$ cat final-v6.cif   # mmCIF, C-alpha atoms
data_structure
loop_
_atom_site.label_atom_id
_atom_site.label_comp_id
_atom_site.auth_asym_id
_atom_site.auth_seq_id
_atom_site.Cartn_x
_atom_site.Cartn_y
_atom_site.Cartn_z
CA MET A 919 224.15 195.29 197.81
CA PHE A 920 227.23 194.50 195.73
CA ALA A 921 227.61 191.27 197.69
CA VAL A 922 224.08 190.21 196.72
CA ALA A 923 224.78 191.10 193.09
CA LEU A 924 228.01 189.10 193.18
CA VAL A 925 226.26 186.06 194.65
CA ALA A 926 223.58 186.27 191.96
CA ILE A 927 226.24 186.47 189.24
CA ALA A 928 228.13 183.56 190.79
CA VAL A 929 225.01 181.39 190.83
CA THR A 930 224.25 182.25 187.20
CA MET A 931 227.86 181.49 186.24
CA LEU A 932 227.58 178.10 187.92
CA LEU A 933 224.31 177.34 186.11
CA ALA A 934 225.77 178.38 182.74
CA LEU A 935 228.86 176.29 183.39
CA THR A 936 226.73 173.27 184.28
CA ARG A 937 224.88 173.64 181.00
CA ALA A 938 228.18 173.90 179.12
CA PHE A 939 229.41 170.74 180.85
CA LYS A 940 226.28 168.72 180.25
CA GLY A 941 225.45 169.78 176.73
CA PRO A 942 223.86 167.84 175.06
CA THR A 943 223.52 169.84 171.81
CA VAL A 944 225.82 172.39 170.22
CA PHE A 945 223.28 175.14 170.83
CA ASP A 946 223.20 174.52 174.58
CA ARG A 947 226.94 174.99 174.67
CA VAL A 948 226.99 178.09 172.45
CA LEU A 949 224.30 179.62 174.61
CA ALA A 950 226.19 178.68 177.76
CA LEU A 951 229.34 180.32 176.37
CA ASN A 952 227.40 183.45 175.47
CA MET A 953 225.78 183.52 178.92
CA PHE A 954 229.13 183.05 180.60
CA GLY A 955 230.59 185.92 178.58
CA THR A 956 227.75 188.18 179.68
CA LYS A 957 228.28 187.18 183.30
CA THR A 958 231.99 188.00 182.96
CA VAL A 959 231.03 191.48 181.75
CA LEU A 960 228.70 191.91 184.74
CA LEU A 961 231.30 190.56 187.14
CA ILE A 962 233.89 193.06 185.88
CA ALA A 963 231.38 195.90 186.20
CA VAL A 964 230.42 194.97 189.78
CA MET A 965 234.03 194.33 190.82
CA ASN A 966 234.86 197.77 189.52
CA TYR A 967 232.46 199.28 192.03
CA VAL A 968 233.66 197.03 194.86
CA SER A 969 237.38 197.68 194.41
CA HIS A 970 237.16 201.44 193.69
CA GLY A 971 240.04 200.92 191.27
CA PRO A 972 240.53 202.49 187.84
CA ASP A 973 237.50 202.60 185.60
CA PHE A 974 236.98 199.26 183.85
CA LEU A 975 233.52 199.91 182.49
CA ASP A 976 234.82 200.59 178.97
CA LEU A 977 236.56 197.23 179.16
CA ALA A 978 233.29 195.55 180.13
CA VAL A 979 231.60 197.08 177.09
CA LEU A 980 234.45 195.82 174.87
CA TYR A 981 234.00 192.32 176.30
CA ALA A 982 230.32 192.48 175.49
CA LEU A 983 231.11 193.41 171.87
CA LEU A 984 233.71 190.65 171.62
CA ASN A 985 231.25 188.17 173.03
CA PHE A 986 228.63 189.17 170.48
CA VAL A 987 231.02 188.85 167.54
CA GLY A 988 232.32 185.54 168.90
CA VAL A 989 228.89 183.96 169.17
CA ILE A 990 227.95 185.15 165.67
CA ALA A 991 231.16 183.58 164.32
CA LEU A 992 230.41 180.32 166.14
CA LEU A 993 226.85 180.08 164.91
CA LYS A 994 227.94 180.92 161.37
CA PHE A 995 230.47 178.14 161.60
CA VAL A 996 227.88 175.67 162.84
CA ARG A 997 225.51 176.55 160.01
CA GLU A 998 228.03 176.62 157.17
CA TYR A 999 230.01 173.51 157.97
CA SER A 1000 227.30 171.58 159.84
CA LEU A 1001 229.05 169.43 162.39
CA LYS A 1002 226.67 166.60 161.65
CA PRO A 1003 226.89 164.36 164.73
CA GLU A 1004 226.25 167.35 166.97
CA VAL A 1005 223.55 169.42 165.31
CA GLU A 1006 220.80 166.80 165.57
CA ILE A 1007 218.36 167.74 168.30
CA GLU A 1008 216.98 164.84 170.30
CA MET B 1335 238.12 195.95 204.44
CA ARG B 1336 234.79 194.52 203.37
CA GLY B 1337 235.75 195.16 199.74
CA ARG B 1338 238.97 193.16 200.16
CA CYS B 1339 237.04 190.26 201.65
CA LEU B 1340 234.63 190.28 198.72
CA ILE B 1341 237.52 190.35 196.25
CA GLY B 1342 239.07 187.37 198.03
CA LEU B 1343 235.80 185.43 197.74
CA VAL B 1344 235.52 186.27 194.03
CA ASP B 1345 239.12 185.07 193.56
CA ILE B 1346 238.28 181.76 195.21
CA LEU B 1347 235.12 181.38 193.13
CA LEU B 1348 236.91 182.11 189.86
CA ILE B 1349 239.83 179.78 190.61
CA THR B 1350 237.40 176.99 191.55
CA LEU B 1351 235.50 177.48 188.29
CA LEU B 1352 238.83 177.51 186.42
CA ALA B 1353 239.89 174.19 187.93
CA ALA B 1354 236.46 172.61 187.30
CA THR B 1355 236.51 173.75 183.66
CA ALA B 1356 240.03 172.40 183.14
CA LEU B 1357 239.03 169.00 184.57
CA VAL B 1358 235.94 168.81 182.37
CA ILE B 1359 237.99 169.78 179.27
CA ILE B 1360 240.26 166.81 180.01
CA ALA B 1361 237.34 164.44 180.55
CA VAL B 1362 235.10 165.44 177.67
CA ARG B 1363 235.35 163.43 174.42
CA ASP B 1364 233.33 165.75 172.22
CA LEU B 1365 235.89 168.20 170.86
CA PHE B 1366 233.33 170.87 169.96
CA ALA B 1367 232.38 170.96 173.65
CA ALA B 1368 236.08 171.14 174.52
CA VAL B 1369 236.47 174.22 172.29
CA MET B 1370 233.47 175.91 173.94
CA LEU B 1371 234.84 175.10 177.39
CA ALA B 1372 238.26 176.42 176.41
CA GLY B 1373 236.53 179.69 175.55
CA ILE B 1374 234.89 179.73 178.98
CA PHE B 1375 238.29 178.96 180.54
CA SER B 1376 239.74 182.04 178.85
CA LEU B 1377 236.84 184.21 180.00
CA ILE B 1378 237.35 183.07 183.60
CA SER B 1379 241.09 183.79 183.34
CA ALA B 1380 240.31 187.22 181.92
CA GLY B 1381 238.00 187.85 184.88
CA LEU B 1382 240.75 186.82 187.29
CA PHE B 1383 243.25 189.14 185.62
CA THR B 1384 240.76 192.01 185.80
CA VAL B 1385 240.22 191.39 189.51
CA MET B 1386 244.04 191.58 189.91
CA ASP B 1387 244.00 194.99 188.11
CA ALA B 1388 245.95 193.60 185.12
CA VAL B 1389 243.45 195.02 182.65
CA ASP B 1390 245.65 194.92 179.55
CA VAL B 1391 246.56 191.27 180.14
CA ALA B 1392 242.90 190.47 180.72
CA PHE B 1393 241.88 192.08 177.48
CA THR B 1394 244.55 190.21 175.52
CA GLU B 1395 243.39 186.98 177.15
CA ALA B 1396 239.77 187.61 176.20
CA ALA B 1397 240.60 188.63 172.63
CA VAL B 1398 243.14 185.90 171.91
CA GLY B 1399 241.90 183.10 174.18
CA ALA B 1400 238.16 183.41 173.82
CA GLY B 1401 238.16 185.02 170.36
CA ILE B 1402 240.92 184.00 167.96
CA SER B 1403 241.81 180.60 169.47
CA THR B 1404 238.19 179.49 169.43
CA VAL B 1405 237.89 180.31 165.73
CA LEU B 1406 241.24 178.63 164.95
CA MET B 1407 240.28 175.50 166.87
CA LEU B 1408 236.91 175.37 165.13
CA GLY B 1409 238.77 175.60 161.82
CA THR B 1410 240.89 172.65 162.90
CA LEU B 1411 237.77 170.68 163.81
CA MET B 1412 236.39 171.43 160.35
CA LEU B 1413 239.53 169.97 158.71
CA THR B 1414 239.77 166.94 160.97
CA THR B 1415 237.05 165.45 163.15
CA SER B 1416 235.07 166.60 166.14
CA ARG B 1417 235.36 163.47 168.25
CA GLU B 1418 238.33 162.30 170.22
CA ARG B 1419 239.20 158.62 169.91
CA ARG B 1420 239.05 156.81 173.22
CA GLY B 1421 242.60 156.32 174.40
CA THR B 1422 243.93 152.85 175.10
CA ALA B 1423 246.85 153.96 177.23
CA ARG B 1424 246.87 152.78 180.82
CA ILE B 1425 247.85 155.00 183.71
CA GLN B 1426 251.63 155.01 183.89
CA ILE B 1427 253.02 155.26 187.39
CA LEU B 1428 256.49 156.69 186.80
CA PRO B 1429 255.46 159.79 184.76
CA LEU B 1430 252.67 160.43 187.27
CA ILE B 1431 255.18 160.40 190.14
CA VAL B 1432 257.58 162.70 188.24
CA VAL B 1433 254.80 165.17 187.43
CA THR B 1434 253.49 165.13 191.02
CA LEU B 1435 256.98 165.70 192.44
CA THR B 1436 257.67 168.56 189.99
CA GLY B 1437 254.35 170.16 190.87
CA ALA B 1438 255.04 169.80 194.59
CA ALA B 1439 258.49 171.37 194.12
CA LEU B 1440 256.99 174.30 192.21
CA ILE B 1441 254.37 174.87 194.91
CA TYR B 1442 257.11 174.63 197.58
CA GLY B 1443 259.02 177.26 195.60
CA THR B 1444 256.10 179.68 195.73
CA LEU B 1445 256.03 179.56 199.55
CA ASP B 1446 259.04 181.89 199.71
CA MET B 1447 257.49 184.42 197.36
CA PRO B 1448 256.22 187.73 198.79
CA ILE B 1449 252.47 188.06 199.28
CA TYR B 1450 250.52 189.28 196.23
CA GLY B 1451 250.49 193.09 196.17
CA ASP B 1452 253.13 193.42 198.90
CA PRO B 1453 254.76 196.88 198.43
CA GLN B 1454 257.96 195.62 200.10
CA ALA B 1455 258.44 192.89 197.46
CA PRO B 1456 261.87 193.04 195.75
CA VAL B 1457 260.29 193.41 192.33
CA HIS B 1458 258.89 196.78 193.35
CA HIS B 1459 262.32 198.06 194.48
CA HIS B 1460 264.55 197.00 191.59
CA VAL B 1461 264.00 199.53 188.79
CA ALA B 1462 260.35 200.47 189.31
CA PRO B 1463 261.04 203.54 191.53
CA GLU B 1464 263.38 204.97 188.88
CA TYR B 1465 260.79 204.45 186.17
CA ILE B 1466 258.16 206.14 188.30
CA ALA B 1467 260.47 209.04 189.17
CA ASP B 1468 262.22 209.57 185.85
CA SER B 1469 259.88 208.51 183.04
CA PRO B 1470 257.73 211.70 183.03
CA HIS B 1471 260.71 213.95 182.15
CA GLU B 1472 262.87 211.34 180.39
CA VAL B 1473 260.19 210.06 178.02
CA GLY B 1474 257.25 212.39 178.46
CA VAL B 1475 254.52 209.76 178.14
CA PRO B 1476 251.94 209.94 180.95
CA ASN B 1477 251.44 206.13 181.11
CA ILE B 1478 254.47 204.51 182.75
CA VAL B 1479 253.79 201.06 181.25
CA THR B 1480 253.74 202.57 177.76
CA ALA B 1481 256.95 204.49 178.53
CA VAL B 1482 258.68 201.27 179.60
CA LEU B 1483 257.47 199.24 176.61
CA ALA B 1484 258.02 201.85 173.92
CA SER B 1485 261.14 203.60 175.19
CA TYR B 1486 263.17 201.77 177.87
CA ARG B 1487 262.50 198.40 176.23
CA GLY B 1488 262.07 199.82 172.73
CA TYR B 1489 264.45 197.40 171.00
CA ASP B 1490 262.85 194.48 172.80
CA THR B 1491 259.40 195.53 171.64
CA LEU B 1492 260.68 196.12 168.09
CA GLY B 1493 262.13 192.58 168.09
CA GLU B 1494 258.86 191.09 169.37
CA THR B 1495 256.85 192.92 166.75
CA THR B 1496 259.22 191.70 164.03
CA VAL B 1497 258.87 188.11 165.22
CA VAL B 1498 255.07 188.33 165.28
CA PHE B 1499 255.04 189.92 161.83
CA ILE B 1500 257.30 187.22 160.35
CA ALA B 1501 255.22 184.47 161.98
CA GLY B 1502 252.02 185.97 160.60
CA THR B 1503 253.49 186.32 157.11
CA GLY B 1504 254.72 182.73 157.24
CA VAL B 1505 251.31 181.40 158.26
CA LEU B 1506 249.60 183.42 155.52
CA LEU B 1507 252.00 182.07 152.89
CA LEU B 1508 251.51 178.51 154.11
CA LEU B 1509 247.74 178.84 154.08
CA LYS B 1510 247.62 180.43 150.65
CA ARG B 1511 249.50 177.81 148.64
CA PRO B 1512 246.91 174.98 148.33
CA ARG B 1513 244.20 177.38 147.17
CA ARG B 1514 246.20 178.45 144.12
CA GLU B 1515 246.95 174.88 143.04
CA ALA B 1516 243.41 173.71 143.67
CA GLY B 1517 242.30 174.46 140.12
CA ALA B 1518 245.17 172.55 138.47
CA GLU B 1519 245.05 169.28 140.40
CA PRO B 1520 242.89 167.88 143.17
CA THR B 1521 244.82 168.37 146.39
CA LYS B 1522 244.92 165.71 149.03
CA ASN B 1523 241.62 165.62 150.86
CA THR B 1524 240.99 164.72 154.43
CA SER B 1525 237.42 163.98 153.39
CA GLY B 1526 235.72 164.69 150.12
CA ASP B 1527 232.58 166.63 150.87
CA GLN B 1528 234.17 168.91 153.45
CA ASN B 1529 236.68 170.16 150.88
CA GLN B 1530 233.88 170.95 148.47
CA THR B 1531 232.05 172.95 151.07
CA ALA B 1532 235.21 174.84 151.92
CA SER B 1533 236.04 175.81 148.34
CA GLY B 1534 232.46 176.46 147.29
#

$ encode --input "final-v6.cif" --output "structure tokens"
Amino acid sequence: MFAVALVAIAVTMLLALTRAFKGPTVFDRVLALNMFGTKTVLLIAVMNYVSHGPDFLDLAVLYALLNFVGVIALLKFVREYSLKPEVEIE
Amino acid sequence: MRGRCLIGLVDILLITLLAATALVIIAVRDLFAAVMLAGIFSLISAGLFTVMDAVDVAFTEAAVGAGISTVLMLGTLMLTTSRERRGTARIQILPLIVVTLTGAALIYGTLDMPIYGDPQAPVHHHVAPEYIADSPHEVGVPNIVTAVLASYRGYDTLGETTVVFIAGTGVLLLLKRPRREAGAEPTKNTSGDQNQTASG
């Protein structure tokens, strides 16, 4: 069951990464980054169950918070300072 | 056994993603995209560290790499430009050979290293057993890593903290100066309207 979950997370990571590579707008990339952060949180949570190690779930929650704050900061930056060549949507 | 196999596969996946991201960061010309990808790079590294049970390192990586550095690099983009100029340099053979040889030597050097997690590795027999045996009654802190950092290497940690504090103070002082003089005379602008947005 964990294997299936891991494969699903891996596929989603790949898709998010592809979107981050291809762009084309800022928002695609911000969303890809956010998505990737979420997948990292999930990966840590699932790995925690696979490895039976110390409890990392609090760490996963912290990552989620960090990810949230990070994306807010990014979007605020994009709005306030408007990186002009990038914000235009085709 | 099955768990170990899964962890190995996740390692391979993460390292592949890490390499792919690094290559794309080199290739991409849009610096905003490069900053985003650098954030993803840090997240992947943090995932790798977590899989290796180095949770504290992973958390530092996520906070500093994906958090602070991204904001700092975005600030740099704001002050400069968000597109990289296309380089005119040709591929130079000699540096490439030197770099390849150095890399090959480093990889050759790792072949003699003990396998990851090997309990017989020399690093686990130098001072670690003494720390494990003695730190509970010598220091009295339940976490051995904390005991080592705060007690056995106390002066080292104090020095590090001092260096970080001085560096932070220095950066703050450097960043503060132009603001104060901004009212008296127009400071040198990288571009006019950006400066207005920043001060307004």

$ atom_distance --input "final-v6.cif" --atom1 "atom CA of A:Val968" --atom2 "atom CA of A:Val929"
18.3 Å

$ interface_residues --input "final-v6.cif" --of "chain B" --to "chain A" --cutoff "9 Å" --atoms "all atoms listed in the file" --output "PyMOL selection string"
chain B and resi 1336-1338+1340-1341+1344+1347-1348+1351+1355+1358-1359+1362+1364+1366-1367+1370-1371+1373-1374+1377-1378+1380-1381+1384-1385+1387+1389+1393+1396-1397+1400-1402+1404-1405+1408-1409+1411-1412+1415-1416+1528+1531-1532

$ atom_distance --input "final-v6.cif" --atom1 "atom CA of B:Pro1463" --atom2 "atom CA of B:Asp1446"
23.2 Å

$ atom_distance --input "final-v6.cif" --atom1 "atom CA of B:Leu1382" --atom2 "atom CA of B:Thr1410"
28.2 Å

$ resolve_selection --input "final-v6.cif" --expression "the PyMOL selection byres ((chain B and resi 1481-1498) around 12)" --output "list in words"
Val1461, Ala1462, Glu1464, Tyr1465, Ile1466, Asp1468, Ser1469, Pro1470, His1471, Glu1472, Val1473, Gly1474, Val1475, Pro1476, Asn1477, Ile1478, Val1479, Thr1480, Phe1499, Ile1500, Ala1501, Gly1502, Thr1503, Gly1504 and Val1505 of chain B

$ axis_aligned_box --input "final-v6.cif" --around "stretch 932-949 of chain A" --padding-each-side "8 Å" --output "JSON"
{"center_x": 226.3, "center_y": 173.7, "center_z": 179.1, "size_x": 22.2, "size_y": 27.8, "size_z": 33.7}

$ closest_residue --input "final-v6.cif" --among "B:Ala1467, B:Cys1339, B:Leu1365, B:Gly1399" --to "B:Thr1414" --atoms "only C-alpha atoms"
B:Leu1365

$ build_atoms --input "final-v6.cif" --residues "stretch 1424-1443 of chain B" --atoms "N, CA and C atoms" --output "JSON list (two decimals), in the coordinates of the input"
[["chain", "number", "residue", "atom", "x", "y", "z"],
["B", 1424, "ARG", "N", 247.16, 152.95, 179.40],
["B", 1424, "ARG", "CA", 246.87, 152.78, 180.82],
["B", 1424, "ARG", "C", 247.56, 153.90, 181.61],
["B", 1425, "ILE", "N", 247.19, 154.01, 182.86],
["B", 1425, "ILE", "CA", 247.85, 155.00, 183.71],
["B", 1425, "ILE", "C", 249.27, 154.53, 183.99],
["B", 1426, "GLN", "N", 250.24, 155.39, 183.67],
["B", 1426, "GLN", "CA", 251.63, 155.01, 183.89],
["B", 1426, "GLN", "C", 252.12, 155.65, 185.17],
["B", 1427, "ILE", "N", 252.70, 154.82, 186.03],
["B", 1427, "ILE", "CA", 253.02, 155.26, 187.39],
["B", 1427, "ILE", "C", 254.19, 156.23, 187.41],
["B", 1428, "LEU", "N", 255.27, 155.89, 186.69],
["B", 1428, "LEU", "CA", 256.49, 156.69, 186.80],
["B", 1428, "LEU", "C", 256.28, 158.15, 186.36],
["B", 1429, "PRO", "N", 255.70, 158.39, 185.15],
["B", 1429, "PRO", "CA", 255.46, 159.79, 184.76],
["B", 1429, "PRO", "C", 254.58, 160.52, 185.75],
["B", 1430, "LEU", "N", 253.57, 159.81, 186.30],
["B", 1430, "LEU", "CA", 252.67, 160.43, 187.27],
["B", 1430, "LEU", "C", 253.45, 160.90, 188.49],
["B", 1431, "ILE", "N", 254.38, 160.04, 188.96],
["B", 1431, "ILE", "CA", 255.18, 160.40, 190.14],
["B", 1431, "ILE", "C", 256.05, 161.61, 189.82],
["B", 1432, "VAL", "N", 256.69, 161.60, 188.62],
["B", 1432, "VAL", "CA", 257.58, 162.70, 188.24],
["B", 1432, "VAL", "C", 256.79, 164.01, 188.19],
["B", 1433, "VAL", "N", 255.61, 163.96, 187.56],
["B", 1433, "VAL", "CA", 254.80, 165.17, 187.43],
["B", 1433, "VAL", "C", 254.37, 165.67, 188.81],
["B", 1434, "THR", "N", 253.94, 164.73, 189.68],
["B", 1434, "THR", "CA", 253.49, 165.13, 191.02],
["B", 1434, "THR", "C", 254.63, 165.78, 191.80],
["B", 1435, "LEU", "N", 255.83, 165.15, 191.71],
["B", 1435, "LEU", "CA", 256.98, 165.70, 192.44],
["B", 1435, "LEU", "C", 257.32, 167.09, 191.91],
["B", 1436, "THR", "N", 257.34, 167.25, 190.56],
["B", 1436, "THR", "CA", 257.67, 168.56, 189.99],
["B", 1436, "THR", "C", 256.67, 169.60, 190.46],
["B", 1437, "GLY", "N", 255.39, 169.24, 190.43],
["B", 1437, "GLY", "CA", 254.35, 170.16, 190.87],
["B", 1437, "GLY", "C", 254.54, 170.54, 192.32],
["B", 1438, "ALA", "N", 254.83, 169.53, 193.16],
["B", 1438, "ALA", "CA", 255.04, 169.80, 194.59],
["B", 1438, "ALA", "C", 256.23, 170.73, 194.79],
["B", 1439, "ALA", "N", 257.31, 170.52, 193.99],
["B", 1439, "ALA", "CA", 258.49, 171.37, 194.12],
["B", 1439, "ALA", "C", 258.16, 172.80, 193.73],
["B", 1440, "LEU", "N", 257.36, 172.94, 192.65],
["B", 1440, "LEU", "CA", 256.99, 174.30, 192.21],
["B", 1440, "LEU", "C", 256.17, 175.00, 193.27],
["B", 1441, "ILE", "N", 255.19, 174.27, 193.86],
["B", 1441, "ILE", "CA", 254.37, 174.87, 194.91],
["B", 1441, "ILE", "C", 255.23, 175.24, 196.11],
["B", 1442, "TYR", "N", 256.20, 174.32, 196.47],
["B", 1442, "TYR", "CA", 257.11, 174.63, 197.58],
["B", 1442, "TYR", "C", 257.89, 175.90, 197.27],
["B", 1443, "GLY", "N", 258.27, 176.07, 195.98],
["B", 1443, "GLY", "CA", 259.02, 177.26, 195.60],
["B", 1443, "GLY", "C", 258.23, 178.54, 195.79]]
